[in-house]
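Here the structure comes first, spelled out in C-alpha cells, and everything after it is commentary.
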Amino acid sequence: MGFGSHHWSATDQRGSEWFVKVDDLGFVADGRDEEFGRLSRSQETALALHRDAGLGFVLAPVPAENGAPLWRLSSRYALSVFPAIAGAAGQFGPHRREELAEVTGLIAEVHRATPAVAQLAPRADLLLPGRDGLNAALADLGRPWTGGPHSVAARDLLLRHEGRVRQWQERFDQLVAEVRGDGSDWVVTHGELHPGNVLRSPAGAWLIDWATVQLAPPERDVWMLTDAFAGMLREEPTGADAQVHSRYRQISGRTVSPAGIALYRLWWPLADVAAFLDDLRRPHGDGVDAAAALRYLTGNLEGASA
C-alpha cells in the first residue's frame, strides 16, 4: 500500500509487529546510487532527531545491526523498518483548526533541534524540480506531441495556459531571490507537513515519513499550517494564521516570512505541472497512472491561480 513506495505490515518470528517500507530507487540505473544516498541521509536525520535530539514524536526507522537505517536490497530497491504504531494518520488536505496548535508546536520543536542534524540533513537548493523538462515542453508547443494517448490533451492544456505558466516561473524566481536574500538561518524541515503525515495514537501524535527532510527555510513546513495551503486546494480557510505564526514564534524564536509562504504556495502546483507534463510527453499507455496525471495537470492549470 501507499504512494511512491511499497509498504507492508510484518510480524517477525517472536510475534513483534513492524511497518516495513521498500523504496524504488528509480527506473534509470544511473541515478540509483545518488537516490540511495539521499534517502540514507534523510533516514539518518530522522533517527538523529528521535535518538540524539530527544524528539520522541519523530517516528524514525529501526537501525540494522550495522547501525544503518536503510538497507540496500538490490540495485533498485532499499528497505527500512519502523515500529508498528497503533493509530491512524489523517488525509491529505488542510489541518483542522483544533489540531493546528499541536502540530505547530511539534514542528517548531523540530526546527529548534536543527543544530543536532545541521551537518547531516540534505540541503535544499531552491531549484524547481523538473524545470528543464517544463521549459522543453513550453518550447515544444509548435508541433504535435505523440508520446501516448494523453499527449495531445496535455499539449492543448499547456497551449491554453502557456502565459500563466510563464508568469508562475517569473514569480517563482522573484520569490527565490527574496528568500535567499533575507538573511534568515535555515532549519531542518519535514517538507510535507500535511495531516497524512501526522499519526495519532493513544500515546500522542507522531510525525511520520521523513523521506523529504531538508535544511530549508522554515516556511517549507509552516505554509502547510496556513490558509495558503487551504487556498491552493480550494478548501475553506481556517482563519488561524495569526495564531499559528504567534505560537510558532513563541516556541521556535523565529518569525515567518510572507515571501517564504508565497514561495512554497507557488512551488507545489508549478512542480506538479512540470512532473505531469514530463509524464505525458514521454511514451505512455492508457493506464490509470497516465489518466491520473492528466486529471491532476488539468486541476493545476485550470484551477485557481497560484
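In the C-alpha cells, chains take letters A, B, ... by order of appearance, with residues numbered from 1 within each chain and ligands from 1 in the order shown.
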
Within range 117-176 of chain A, find each residue whose DSSP state, derived from the backbone, is alpha helix (DSSP H), and express the selection as a ChimeraX atom specification.
/A:131-139,151-160,162-176

Interface rows for range 163-228 of chain A against range 274-289 of chain A: nearest pair, Å to one decimal, 12 Å, only C-alpha atoms, as a tab-separated table:
residue	atom	partner	partner_atom	distance
A:Val165	CA	A:Ala274	CA	9.8
A:Arg166	CA	A:Ala274	CA	11.9
A:Trp168	CA	A:Ala274	CA	11.8
A:Gln169	CA	A:Ala274	CA	11.0

Skipping near chain neighbours, those fewer than 2 positions away, what residues fall within 8 Å of range 46-63 of chain A using only C-alpha atoms, listed as a PyMOL selection string?
chain A and resi 42-44+65-70+80-83+106+109-110+113+116-117+204-210

Those selected residues, please, written with N, CA and C atoms and delivered as a PDB file, in the first residue's frame.
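Generated file (selection-v3.pdb):
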ATOM      1  N   SER A  42      18.352  11.130   4.700  1.00  0.00           N
ATOM      2  CA  SER A  42      17.048  11.511   5.240  1.00  0.00           C
ATOM      3  C   SER A  42      16.685  10.642   6.433  1.00  0.00           C
ATOM      4  N   GLN A  43      16.864   9.329   6.290  1.00  0.00           N
ATOM      5  CA  GLN A  43      16.535   8.415   7.383  1.00  0.00           C
ATOM      6  C   GLN A  43      17.477   8.606   8.567  1.00  0.00           C
ATOM      7  N   GLU A  44      18.754   8.864   8.288  1.00  0.00           N
ATOM      8  CA  GLU A  44      19.695   9.126   9.376  1.00  0.00           C
ATOM      9  C   GLU A  44      19.324  10.401  10.127  1.00  0.00           C
ATOM     10  N   GLU A  65      21.745  -4.019  12.151  1.00  0.00           N
ATOM     11  CA  GLU A  65      22.819  -4.368  13.079  1.00  0.00           C
ATOM     12  C   GLU A  65      24.080  -3.545  12.844  1.00  0.00           C
ATOM     13  N   ASN A  66      24.263  -3.064  11.609  1.00  0.00           N
ATOM     14  CA  ASN A  66      25.435  -2.231  11.331  1.00  0.00           C
ATOM     15  C   ASN A  66      25.183  -0.757  11.610  1.00  0.00           C
ATOM     16  N   GLY A  67      24.008  -0.435  12.146  1.00  0.00           N
ATOM     17  CA  GLY A  67      23.670   0.941  12.501  1.00  0.00           C
ATOM     18  C   GLY A  67      22.993   1.731  11.419  1.00  0.00           C
ATOM     19  N   ALA A  68      22.931   1.175  10.194  1.00  0.00           N
ATOM     20  CA  ALA A  68      22.340   1.911   9.071  1.00  0.00           C
ATOM     21  C   ALA A  68      20.824   1.860   9.139  1.00  0.00           C
ATOM     22  N   PRO A  69      20.141   2.981   8.852  1.00  0.00           N
ATOM     23  CA  PRO A  69      18.682   2.994   8.877  1.00  0.00           C
ATOM     24  C   PRO A  69      18.045   2.519   7.578  1.00  0.00           C
ATOM     25  N   LEU A  70      18.857   2.316   6.527  1.00  0.00           N
ATOM     26  CA  LEU A  70      18.348   1.930   5.214  1.00  0.00           C
ATOM     27  C   LEU A  70      19.213   0.788   4.684  1.00  0.00           C
ATOM     28  N   SER A  80      13.548  -0.138   4.717  1.00  0.00           N
ATOM     29  CA  SER A  80      13.646   0.399   6.074  1.00  0.00           C
ATOM     30  C   SER A  80      12.518  -0.181   6.908  1.00  0.00           C
ATOM     31  N   VAL A  81      12.746  -0.268   8.216  1.00  0.00           N
ATOM     32  CA  VAL A  81      11.806  -0.903   9.136  1.00  0.00           C
ATOM     33  C   VAL A  81      11.483   0.075  10.262  1.00  0.00           C
ATOM     34  N   PHE A  82      10.199   0.177  10.585  1.00  0.00           N
ATOM     35  CA  PHE A  82       9.731   1.107  11.607  1.00  0.00           C
ATOM     36  C   PHE A  82       8.895   0.369  12.645  1.00  0.00           C
ATOM     37  N   PRO A  83       8.820   0.902  13.857  1.00  0.00           N
ATOM     38  CA  PRO A  83       7.873   0.333  14.826  1.00  0.00           C
ATOM     39  C   PRO A  83       6.443   0.437  14.292  1.00  0.00           C
ATOM     40  N   LEU A 106       4.802  20.956  17.459  1.00  0.00           N
ATOM     41  CA  LEU A 106       5.704  19.859  17.112  1.00  0.00           C
ATOM     42  C   LEU A 106       6.747  20.303  16.095  1.00  0.00           C
ATOM     43  N   GLU A 109       9.400  22.549  17.497  1.00  0.00           N
ATOM     44  CA  GLU A 109      10.419  21.794  18.236  1.00  0.00           C
ATOM     45  C   GLU A 109      11.423  21.157  17.277  1.00  0.00           C
ATOM     46  N   VAL A 110      10.939  20.648  16.149  1.00  0.00           N
ATOM     47  CA  VAL A 110      11.854  20.105  15.140  1.00  0.00           C
ATOM     48  C   VAL A 110      12.810  21.184  14.657  1.00  0.00           C
ATOM     49  N   ALA A 113      15.627  21.946  16.890  1.00  0.00           N
ATOM     50  CA  ALA A 113      16.632  20.880  17.004  1.00  0.00           C
ATOM     51  C   ALA A 113      17.627  20.888  15.851  1.00  0.00           C
ATOM     52  N   ALA A 116      21.411  19.734  15.997  1.00  0.00           N
ATOM     53  CA  ALA A 116      21.727  18.316  16.162  1.00  0.00           C
ATOM     54  C   ALA A 116      21.906  17.592  14.838  1.00  0.00           C
ATOM     55  N   VAL A 117      21.368  18.167  13.754  1.00  0.00           N
ATOM     56  CA  VAL A 117      21.407  17.471  12.457  1.00  0.00           C
ATOM     57  C   VAL A 117      21.911  18.372  11.331  1.00  0.00           C
ATOM     58  N   GLY A 204      -0.229   9.743  21.784  1.00  0.00           N
ATOM     59  CA  GLY A 204       0.028  11.077  21.276  1.00  0.00           C
ATOM     60  C   GLY A 204       0.245  11.092  19.783  1.00  0.00           C
ATOM     61  N   ALA A 205       0.675  12.235  19.264  1.00  0.00           N
ATOM     62  CA  ALA A 205       0.875  12.401  17.827  1.00  0.00           C
ATOM     63  C   ALA A 205       2.330  12.126  17.462  1.00  0.00           C
ATOM     64  N   TRP A 206       2.509  11.539  16.277  1.00  0.00           N
ATOM     65  CA  TRP A 206       3.825  11.268  15.719  1.00  0.00           C
ATOM     66  C   TRP A 206       3.917  11.968  14.356  1.00  0.00           C
ATOM     67  N   LEU A 207       5.105  12.457  14.026  1.00  0.00           N
ATOM     68  CA  LEU A 207       5.373  12.937  12.668  1.00  0.00           C
ATOM     69  C   LEU A 207       6.067  11.819  11.906  1.00  0.00           C
ATOM     70  N   ILE A 208       5.480  11.415  10.776  1.00  0.00           N
ATOM     71  CA  ILE A 208       5.965  10.254  10.036  1.00  0.00           C
ATOM     72  C   ILE A 208       6.438  10.668   8.640  1.00  0.00           C
ATOM     73  N   ASP A 209       7.106   9.746   7.969  1.00  0.00           N
ATOM     74  CA  ASP A 209       7.536   9.873   6.574  1.00  0.00           C
ATOM     75  C   ASP A 209       8.494  11.051   6.392  1.00  0.00           C
ATOM     76  N   TRP A 210       9.751  10.814   6.732  1.00  0.00           N
ATOM     77  CA  TRP A 210      10.783  11.851   6.698  1.00  0.00           C
ATOM     78  C   TRP A 210      11.635  11.774   5.439  1.00  0.00           C
TER      79      TRP A 210
END

Write out as a VMD selection string the residues lying within 8 Å of His245 in chain A, counting only C-alpha atoms and excluding same-chain residues fewer than 3 positions away.
chain A and resid 241 to 242 248 to 249 255 to 256

Taking only C-alpha atoms into account, which of A:Ile85, A:Gln91, A:Ile107, A:Asp23 comes nearest Ser9 in chain A?
A:Ile85

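CA of Arg112 in chain A is positioned 21.8 Å from CA of Gly181 in chain A.
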
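Distance-wise, CA of Trp8 in chain A and CA of Asp221 in chain A end up 27.6 Å apart.
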
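Distances from A:Gln243, A:Ser184, A:Gln250, A:Ser16 to Glu98 in chain A were compared using only C-alpha atoms, and the smallest one belongs to A:Gln243.
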
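When only C-alpha atoms are used to measure the gap to Asp173 in chain A, the shortest distance among A:Leu158, A:Met232, A:Ala216, A:Ala259 belongs to A:Ala259.
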
Would you please give, as a PyMOL selection string, all residues of range 170-277 of chain A that DSSP assigns to strand (DSSP E) based on the backbone?
chain A and resi 187-189+198-201+204-207+214-216

Close residues, Leu157 in chain A itself excluded, 9 Å, only C-alpha atoms, min 2 positions apart in chain, as a short mmCIF file (atom, residue, chain, number, x, y, z; two decimals) with C-alpha atoms, in the first residue's frame:
data_model
loop_
_atom_site.label_atom_id
_atom_site.label_comp_id
_atom_site.auth_asym_id
_atom_site.auth_seq_id
_atom_site.Cartn_x
_atom_site.Cartn_y
_atom_site.Cartn_z
CA VAL A 152 -2.44 15.68 -27.31
CA ALA A 153 -4.68 16.72 -24.42
CA ALA A 154 -1.64 17.67 -22.31
CA ARG A 155 -0.24 19.81 -25.12
CA LEU A 159 -1.02 25.78 -25.00
CA ARG A 160 -4.11 27.37 -23.41
CA HIS A 161 -2.28 28.20 -20.20
CA GLU A 162 1.19 28.98 -21.53
CA LEU A 297 -2.47 18.52 -14.66
CA THR A 298 -5.90 19.84 -15.61
CA LEU A 301 -3.77 24.59 -14.79
CA GLU A 302 -7.50 25.27 -14.77
#

What's the 10 Å shell around Leu79 in chain A, counting only C-alpha atoms, without same-chain residues fewer than 4 positions away, as a VMD selection string?
chain A and resid 5 to 7 20 to 24 69 to 74

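For the choices A:Ala137, A:Arg234, A:Tyr296, A:Val222, the atom-to-atom distance to Ser246 in chain A is smallest for A:Val222 when using only C-alpha atoms.
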
Mind checking which residues fall within 12 Å of Thr226 in chain A, counting only C-alpha atoms, ignoring those fewer than 3 positions away in the same chain, and posting them as a PyMOL selection string?
chain A and resi 93-97+100-101+103-104+193-194+219-223+229-233+235-245+248+256+258+261-262+264-265

Go ahead and save the residues from that selection, with N, CA and C atoms, as an mmCIF file, in the first residue's frame.
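The result, stored in out.cif:
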data_model
loop_
_atom_site.group_PDB
_atom_site.id
_atom_site.type_symbol
_atom_site.label_atom_id
_atom_site.label_comp_id
_atom_site.auth_asym_id
_atom_site.auth_seq_id
_atom_site.Cartn_x
_atom_site.Cartn_y
_atom_site.Cartn_z
ATOM 1 N N GLY A 93 -4.704 17.193 2.928
ATOM 2 C CA GLY A 93 -5.593 18.353 2.923
ATOM 3 C C GLY A 93 -5.201 19.285 4.051
ATOM 4 N N PRO A 94 -5.937 20.373 4.247
ATOM 5 C CA PRO A 94 -5.619 21.300 5.333
ATOM 6 C C PRO A 94 -5.800 20.647 6.700
ATOM 7 N N HIS A 95 -5.043 21.111 7.665
ATOM 8 C CA HIS A 95 -5.220 20.664 9.042
ATOM 9 C C HIS A 95 -6.505 21.265 9.609
ATOM 10 N N ARG A 96 -7.156 20.510 10.477
ATOM 11 C CA ARG A 96 -8.323 21.044 11.180
ATOM 12 C C ARG A 96 -7.858 22.102 12.177
ATOM 13 N N ARG A 97 -8.696 23.107 12.356
ATOM 14 C CA ARG A 97 -8.313 24.234 13.217
ATOM 15 C C ARG A 97 -7.936 23.768 14.621
ATOM 16 N N LEU A 100 -4.238 22.593 14.858
ATOM 17 C CA LEU A 100 -3.149 23.454 14.406
ATOM 18 C C LEU A 100 -2.157 23.791 15.517
ATOM 19 N N ALA A 101 -2.642 24.063 16.717
ATOM 20 C CA ALA A 101 -1.724 24.446 17.796
ATOM 21 C C ALA A 101 -0.761 23.301 18.104
ATOM 22 N N VAL A 103 0.208 20.705 16.113
ATOM 23 C CA VAL A 103 1.152 20.439 15.027
ATOM 24 C C VAL A 103 2.161 21.579 14.903
ATOM 25 N N THR A 104 1.711 22.816 15.108
ATOM 26 C CA THR A 104 2.636 23.948 15.084
ATOM 27 C C THR A 104 3.705 23.783 16.155
ATOM 28 N N LEU A 193 4.235 18.553 5.577
ATOM 29 C CA LEU A 193 3.596 18.556 6.887
ATOM 30 C C LEU A 193 2.071 18.640 6.773
ATOM 31 N N HIS A 194 1.474 17.755 5.998
ATOM 32 C CA HIS A 194 0.022 17.704 5.909
ATOM 33 C C HIS A 194 -0.509 16.626 6.863
ATOM 34 N N GLU A 219 9.527 28.236 6.306
ATOM 35 C CA GLU A 219 8.219 28.294 5.643
ATOM 36 C C GLU A 219 7.925 27.040 4.832
ATOM 37 N N ARG A 220 8.944 26.242 4.527
ATOM 38 C CA ARG A 220 8.725 24.972 3.817
ATOM 39 C C ARG A 220 7.758 24.072 4.594
ATOM 40 N N ASP A 221 7.776 24.189 5.926
ATOM 41 C CA ASP A 221 6.816 23.467 6.763
ATOM 42 C C ASP A 221 5.616 24.322 7.142
ATOM 43 N N VAL A 222 5.885 25.542 7.568
ATOM 44 C CA VAL A 222 4.830 26.357 8.174
ATOM 45 C C VAL A 222 3.718 26.664 7.183
ATOM 46 N N TRP A 223 4.016 26.756 5.881
ATOM 47 C CA TRP A 223 2.985 27.159 4.928
ATOM 48 C C TRP A 223 1.822 26.175 4.917
ATOM 49 N N PHE A 229 -2.178 27.063 2.131
ATOM 50 C CA PHE A 229 -2.329 25.659 1.733
ATOM 51 C C PHE A 229 -3.787 25.348 1.417
ATOM 52 N N ALA A 230 -4.699 25.822 2.272
ATOM 53 C CA ALA A 230 -6.125 25.619 2.005
ATOM 54 C C ALA A 230 -6.524 26.275 0.692
ATOM 55 N N GLY A 231 -5.978 27.460 0.416
ATOM 56 C CA GLY A 231 -6.305 28.146 -0.827
ATOM 57 C C GLY A 231 -5.825 27.393 -2.043
ATOM 58 N N MET A 232 -4.637 26.800 -1.957
ATOM 59 C CA MET A 232 -4.134 26.027 -3.085
ATOM 60 C C MET A 232 -5.061 24.852 -3.401
ATOM 61 N N LEU A 233 -5.610 24.246 -2.354
ATOM 62 C CA LEU A 233 -6.501 23.090 -2.523
ATOM 63 C C LEU A 233 -7.955 23.499 -2.714
ATOM 64 N N GLU A 235 -9.938 24.832 -0.548
ATOM 65 C CA GLU A 235 -10.688 24.451 0.647
ATOM 66 C C GLU A 235 -10.993 25.703 1.468
ATOM 67 N N GLU A 236 -11.933 25.559 2.401
ATOM 68 C CA GLU A 236 -12.299 26.680 3.261
ATOM 69 C C GLU A 236 -11.130 27.051 4.179
ATOM 70 N N PRO A 237 -10.770 28.324 4.280
ATOM 71 C CA PRO A 237 -9.689 28.725 5.185
ATOM 72 C C PRO A 237 -10.112 28.610 6.643
ATOM 73 N N THR A 238 -9.143 28.387 7.520
ATOM 74 C CA THR A 238 -9.445 28.314 8.954
ATOM 75 C C THR A 238 -9.425 29.686 9.604
ATOM 76 N N GLY A 239 -8.711 30.637 8.986
ATOM 77 C CA GLY A 239 -8.601 31.955 9.587
ATOM 78 C C GLY A 239 -7.718 31.985 10.820
ATOM 79 N N ALA A 240 -6.816 31.004 10.955
ATOM 80 C CA ALA A 240 -5.995 30.889 12.163
ATOM 81 C C ALA A 240 -4.540 31.253 11.933
ATOM 82 N N ASP A 241 -4.233 31.938 10.827
ATOM 83 C CA ASP A 241 -2.835 32.219 10.516
ATOM 84 C C ASP A 241 -2.139 33.002 11.627
ATOM 85 N N ALA A 242 -2.806 33.982 12.191
ATOM 86 C CA ALA A 242 -2.170 34.796 13.229
ATOM 87 C C ALA A 242 -1.793 33.944 14.432
ATOM 88 N N GLN A 243 -2.679 33.017 14.817
ATOM 89 C CA GLN A 243 -2.384 32.140 15.949
ATOM 90 C C GLN A 243 -1.244 31.184 15.635
ATOM 91 N N VAL A 244 -1.220 30.668 14.399
ATOM 92 C CA VAL A 244 -0.130 29.774 14.000
ATOM 93 C C VAL A 244 1.205 30.503 14.057
ATOM 94 N N HIS A 245 1.258 31.700 13.480
ATOM 95 C CA HIS A 245 2.503 32.464 13.466
ATOM 96 C C HIS A 245 2.955 32.808 14.883
ATOM 97 N N TYR A 248 4.205 29.581 16.679
ATOM 98 C CA TYR A 248 5.485 29.178 16.101
ATOM 99 C C TYR A 248 6.606 30.086 16.604
ATOM 100 N N VAL A 256 7.982 34.182 10.628
ATOM 101 C CA VAL A 256 7.660 33.593 9.338
ATOM 102 C C VAL A 256 7.627 34.683 8.283
ATOM 103 N N PRO A 258 6.448 36.318 4.777
ATOM 104 C CA PRO A 258 5.398 36.229 3.756
ATOM 105 C C PRO A 258 5.934 35.753 2.415
ATOM 106 N N ILE A 261 6.281 31.943 2.563
ATOM 107 C CA ILE A 261 4.974 31.298 2.426
ATOM 108 C C ILE A 261 4.527 31.324 0.972
ATOM 109 N N ALA A 262 4.664 32.473 0.314
ATOM 110 C CA ALA A 262 4.253 32.597 -1.084
ATOM 111 C C ALA A 262 5.084 31.697 -1.995
ATOM 112 N N TYR A 264 6.456 28.709 -1.307
ATOM 113 C CA TYR A 264 6.047 27.304 -1.251
ATOM 114 C C TYR A 264 4.608 27.113 -1.699
ATOM 115 N N ARG A 265 3.808 28.160 -1.574
ATOM 116 C CA ARG A 265 2.457 28.108 -2.143
ATOM 117 C C ARG A 265 2.509 27.957 -3.662
#

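Comparing A:Trp268, A:Val188, A:Ala139, A:Leu120 by their smallest distance to Ser40 in chain A, the closest is A:Leu120 (using only C-alpha atoms).
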
Compare A:Gly130, A:Gly31, A:Gly105, A:Gly37 by their minimum atom-to-atom distance to Ser252 in chain A, counting only C-alpha atoms, and give me the closest one.
A:Gly105

Have a look at CA of Leu225 in chain A and CA of Glu35 in chain A and let me know their distance in Å, one decimal.
28.8 Å
